[in-house]
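Q: The structure is given below, and queries will be raised subsequently.
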Amino acid sequence: MSRVVEQSADHPETPARSGRRPAAVLQGVALALGLLMMIGGFVLIAVDYRPYKIPTTSMHPTLQAGDTVLARKTDGGTIGRGDVVVFRDQAWGGELMVKRVVAVGGDTVATTADDHRLTVNGKPVDEPYLATQGRQGESFSVTVPQGRLFLLGDNRVGSLDSRTHLEADDGTVPATEVEARVEATLLPFGRTGLLDRTTAFDGFAGPKAAEPGPLEPAAYASVAGAALIVVTSAVGGVAGLARRIRRGRSS
């Protein structure tokens with residue numbers, strides 16, 4: 001008889017234990033999902049993007065000297081007018097540089113004689129990203145060979161760019177020398193954010209500035225995954241503490 005009574009006395013604990021099982025399963029699923037989101041987003045960014053340090057003020061105000069930017073790797077074949085790119089060219093000293101593409105193969109890029117405004121194929125370009133409007137330096141006119149790019153800094157009065165290398169291939173750079181397209185500022189934290197895509201060249205036929213890549217959704221996924229892990233762990237810890245307190249009071 002005593003055995004039957006002991007089994008009956010243990011029986012009321014079963015619903016509590018079985019009730020905890022679904023909660024534990026849900027907690028495990030939430031932790032696994034959070035981990036997957038966090039690692040997946042981080043891996044995507046690590047594989048697709050590279051950090052670069054901006055050494056000069058040539059891209060002011062879009063990019064500041066000392067900024068760390070994230071640039072998406074590219075082979076140069078998808079670069080369009082308006083893209084801010086990381087490249088190196090031996091004719092320019094072989095150093096990594098960051099400039100804005102203003103003309104591609106087949107374009108004739110020049111400045112107007114009166115106010116030195118930039119023109120592409122005879123059409124003036126409105127450039128809202130410039131540090132000083134209407135300042136281009138000395139007049140020039142270049143027809144860009146196929147497979148090459150003409151690049152300028154946004155700070156036209158303080159940038160060593162295609163205008164200062166006209167003696168070497170008319171200042172043009174092979175598109176294959178482009179390593180990456182800048183998509184965001186990472187540091188300092190006060191300037192963290194996506195780079196605005198310019199619409200300055202949208203009225204021209206041919207390749208335009210690219211749409212943003214997967215950087216933003218990948219970053220959101222990584223942050224959301226980390227938050228899900230923290231919240232789930234905290235809720236699980238609080239629930240466990242509450243169970244221990246209840247057991248302590250009932251004993």
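In the structure tokens, each chain is lettered A, B, ... as it comes, each chain's residues begin at 1, and ligands are numbered from 1 in order of appearance.
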Write out as a tab-separated table a residue-level contact list of segment 27-125 of chain A versus segment 137-160 of chain A with cut-off 7 Å: for each qualifying residue the closest pair of atoms and the distance in Å to one decimal, counting only C-alpha atoms, rows sorted by chain and residue number upward.

A:
residue	atom	partner	partner_atom	distance
A:Ser58	CA	A:Ser159	CA	4.4
A:Met59	CA	A:Asp154	CA	4.7
A:His60	CA	A:Asn155	CA	5.3
A:Lys99	CA	A:Gly153	CA	5.0
A:Arg100	CA	A:Leu151	CA	5.3
A:Val101	CA	A:Leu151	CA	4.5
A:Val102	CA	A:Leu151	CA	5.7
A:Ala103	CA	A:Phe150	CA	5.1
A:Val104	CA	A:Leu149	CA	4.7
A:Gly105	CA	A:Gln146	CA	3.9
A:Gly106	CA	A:Val144	CA	5.4
A:Asp107	CA	A:Val144	CA	5.5
A:Thr108	CA	A:Thr143	CA	4.1
A:Val109	CA	A:Val142	CA	5.4
A:Ala110	CA	A:Ser141	CA	4.1
A:Thr111	CA	A:Ser139	CA	5.5
A:Ala113	CA	A:Ser139	CA	6.7
A:His116	CA	A:Ser139	CA	6.3

Q: Give one line per residue of segment 40-60 of chain A that approaches segment 173-183 of chain A to at most 9 Å, naming the two atoms of the closest pair and their distance in Å to one decimal, counting only C-alpha atoms; sort by chain then ascending residue number and deliver it as JSON lines.

A:
{"residue": "A:Tyr49", "atom": "CA", "partner": "A:Ala180", "partner_atom": "CA", "distance": 8.1}
{"residue": "A:Arg50", "atom": "CA", "partner": "A:Ala180", "partner_atom": "CA", "distance": 8.0}
{"residue": "A:Tyr52", "atom": "CA", "partner": "A:Val182", "partner_atom": "CA", "distance": 8.9}

Q: Suppose you want the space between atom CA of Ala30 of chain A and atom CA of Pro214 of chain A; what is it in Å?

A: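 Computing it gives 23.7 Å between the two atoms.
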
Q: Would you compute the distance between atom CA of Ala23 of chain A and atom CA of Ser233 of chain A? Give it in Å to one decimal.

A: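 We find that atom CA of Ala23 of chain A and atom CA of Ser233 of chain A lie 12.3 Å from each other.
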
Q: Of the residues A:Leu31, A:Ala65, A:Ala200, A:Val43, which is the one nearest to Asp126 of chain A, using only C-alpha atoms?

A: A:Ala200

Q: Go ahead and compute the interatomic distance for atom CA of Thr198 of chain A and atom CA of Val85 of chain A, in Å to one decimal.

A: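 Atom CA of Val85 of chain A lies at a distance of 13.3 Å from atom CA of Thr198 of chain A.
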
Q: Excluding Leu195 of chain A and its own-chain neighbours fewer than 4 positions away, which residues fall within 12 Å of it when counting only C-alpha atoms? Please give them as a PyMOL selection string.

A: chain A and resi 61-63+69-71+82-85+129+181-186+191+209-213+215-216

Q: Determine which residues of segment 10-245 of chain A receive a DSSP assignment of strand (DSSP E), computed from the backbone, and state them as a count of residues only.

A: 54

Q: As a PyMOL selection string, list the residues of segment 50-237 of chain A assigned to helix (DSSP H, G or I) by DSSP on the backbone atoms of this structure.

A: chain A and resi 90-92+162-165+169-171+175-177+189-191+215-237
